[in-house]
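Just below is one structure, and these are the notes that go with it.
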Amino acid sequence: MDQFAVKVFVRLRPSVLDPAGEATKFASIKLGAEGIKSLRIGKMIEVKIEGNGENEVREKIDLLCDRLFANTVIEDYEYSLEKL
Amino acid sequence: MDNFTVGVVVFPGSNCDRDVSWALEGCLDIRTKYLWHESSDLSDVDAIVLPGGFSYGDYLRCGAIARFSPLINALDEFVKSGKRVLGICNGFQILTESGFLPGALVANKNLNFICDDVELDIVSSKGGWFNNGDEKQTIKLPIAHGEGRYHCDSDTLKKLVDNDLIALRYKNNPNGSSFDIAGITNEKGNVLGLMPHPERACDDIIGGTDGLFTLKSLIL
């Protein structure tokens, strides 16, 4: 069995308004940061997972992302995978 | 309909389960039974309410974890059999997360938790959930949510409109919902999800009775 460290990024789809991102952008500008064109907030989920090779682990992570980690009506996801 | 029993589902974090039960039993004399979310035996209830609250602490997304409870798994058969399911607030979020209703509910546009009475237009008669006779097309119900902004893509919205699935629309959209949507039904009409709380409007002494009709219509 191989062990992998997976980082999943879940983001609101570009078409979905992100009011928390907008509020944080406003605060960033108040802090004096210049040049911010857009700011959107997402989630990062770290998973350590075992499996027989990368393909099997990718299948499991795809299922988790599609059915649980993200709601694909409003969110997109991507992930990176590192063999430990 | 003496033995008609409404199952009121209790998740860890539900907080309107007792309100729903009180409104059904106390105001309408309809028998209720609490159903713990780990139960999958729905054989002795005739309709189900998924009440408001914060199931599983709203972790990940509102309703995302509740969707995997044994009870929600058993709900598929229940819905297919034509029995009626009413999802209120967090219950609506659970119904969209689990695919019984299309779309999703996301953070309010202004980020506020909104606790207010709102005026609603009754749009559809599908399912017979609302009294939309000639004289009353508008009702007033309380809302209390931070993540009640209904969102769907344009194809889904067209489907909702074309198939008469939009049950309620806000008169003055408080949260940025697409097309002012406050509640929708499935195609068959036996599943209704809405953000407003009918169970909090069942007695004049607490400000109104516009929620009575919807709760009463669990018996159809």
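Just so we're on the same page: first chain in the structure tokens is A, next is B, and so on; residues restart at 1 for each chain, and ligands are numbered from 1 in the order they show up.
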*Contacts of segment 54-71 of chain A at 8 Å or less, counting only C-alpha atoms, minus same-chain residues fewer than 2 places along, as an NGL selection string?*
(:A and (4 or 8 or 10 or 49-52 or 73-77)) or (:B and (60 or 64-65 or 97))
*Please return, as a ChimeraX atom specification, all residues of chain B lying within 7 Å of chain A when only C-alpha atoms are considered.*
/B:64,103-104,109-111
*At what distance in Å, to one decimal, does atom CA of Phe54 of chain B lie from atom CA of Phe11 of chain B?*
8.5 Å
*Rounded to one decimal place, report the atom CA of Leu86 of chain B-atom CA of Thr185 of chain B distance in Å.*
9.3 Å
*Run DSSP on the backbone of this structure and report the residues of chain A it assigns to alpha helix (DSSP H), as a PyMOL selection string.*
chain A and resi 19-30+53-64
*Which parts of chain A does DSSP call strand (DSSP E) when run on the backbone here, written out as a count of residues only?*
29
*asked:* Please compute the atom CA of Val6 of chain A-atom CA of Val47 of chain A distance, one decimal, in Å.
replied: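 About the pair atom CA of Val6 of chain A and atom CA of Val47 of chain A: they are 5.1 Å apart.
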*Nearest to Lys159 of chain B among B:Ala201, B:Leu192, B:Ile184, B:Cys27, with distances taken over only C-alpha atoms: which residue is it?*
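Of B:Ala201, B:Leu192, B:Ile184, B:Cys27, the one nearest Lys159 of chain B is B:Ile184, counting only C-alpha atoms.
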*Write out as a ChimeraX atom specification the residues lying within 10 Å of Lys216 of chain B, counting only C-alpha atoms and excluding same-chain residues fewer than 3 positions away.*
/B:23-24,27-30,129-130,211-213,219-220
*For Leu84 of chain A, which residue out of A:Arg40, A:Lys7, A:Lys48, A:Lys25 is the nearest one, using only C-alpha atoms?*
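So, comparing all the options, the nearest one is A:Lys48.
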*Give the answer as one residue: which of B:Gly176, B:Gly193, B:Gly82, B:Pro70 has the shortest atom-to-atom distance to Ser39 of chain B, using only C-alpha atoms?*
B:Pro70
*Counting only C-alpha atoms, figure out which residue out of B:Gly63, B:Pro51, B:Gly26, B:Ser178 gets nearest to Thr96 of chain B.*
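Of all the options, B:Gly63 lies closest to Thr96 of chain B.
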So that I can see what lies close to Ile143 of chain B, please list as a compact mmCIF listing (two decimals) with C-alpha atoms, in the first residue's frame the residues with an atom at most 12 Å from it, counting only C-alpha atoms and leaving out residues fewer than 2 positions away in the same chain.
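Written output follows (selection24.txt):
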# COMPACT_ATOMS: atom_id res chain seq x y z
CA GLY B 52 -34.54 24.21 10.65
CA ILE B 88 -37.75 24.25 6.25
CA CYS B 89 -34.60 26.41 6.26
CA ASN B 90 -31.83 23.93 7.12
CA PHE B 113 -27.83 36.72 9.52
CA ILE B 114 -31.32 37.96 8.71
CA CYS B 115 -34.09 37.49 11.26
CA ASP B 116 -37.22 39.23 10.03
CA ASP B 117 -40.77 38.87 8.78
CA VAL B 118 -40.95 38.88 5.00
CA GLU B 119 -43.74 39.20 2.47
CA LEU B 120 -43.93 36.40 -0.03
CA LYS B 140 -46.06 36.93 5.60
CA LEU B 141 -43.66 34.48 7.24
CA HIS B 145 -30.87 32.48 8.13
CA GLY B 146 -27.32 33.38 7.22
CA GLU B 147 -27.10 31.12 4.19
CA GLY B 148 -30.41 31.41 2.41
CA ARG B 149 -29.44 32.87 -0.95
CA TYR B 170 -39.73 37.29 -1.85
CA ASN B 173 -35.49 40.04 -1.83
CA PRO B 174 -33.60 40.11 1.51
CA ASN B 175 -30.65 37.84 0.70
CA ALA B 182 -37.80 31.60 -1.34
CA GLY B 183 -39.16 28.09 -1.93
CA LEU B 194 -38.46 26.85 1.68
CA MET B 195 -36.29 29.22 3.70
CA PRO B 196 -39.15 30.93 5.62
CA HIS B 197 -40.48 29.25 8.76
CA PRO B 198 -44.22 28.42 8.56
CA GLU B 199 -44.08 26.82 12.02
CA ARG B 200 -43.29 30.23 13.51
CA ALA B 201 -46.48 31.70 12.07
CA GLY B 211 -47.90 29.28 8.15
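Between Ser69 of chain B and the candidates B:Lys158, B:Lys171, B:Lys83, B:His37, the tightest atom-to-atom separation, counting only C-alpha atoms, involves B:His37.
Every protein, DNA or RNA residue with an atom at most 6 Å from Gly87 of chain B, where only C-alpha atoms count and chain neighbours fewer than 4 positions away do not, is listed here: Val49, Leu50, Gly91, Phe92 and Gly193 of chain B.
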Can I get the selected residues back with C-alpha atoms, as a PDB file, in the first residue's frame?
ATOM      1  CA  VAL B  49     -40.657  17.514   8.063  1.00  0.00           C
ATOM      2  CA  LEU B  50     -36.953  18.330   7.956  1.00  0.00           C
ATOM      3  CA  GLY B  91     -34.245  21.260   5.890  1.00  0.00           C
ATOM      4  CA  PHE B  92     -34.357  23.036   2.506  1.00  0.00           C
ATOM      5  CA  GLY B 193     -38.250  23.274   0.412  1.00  0.00           C
TER       6      GLY B 193
END
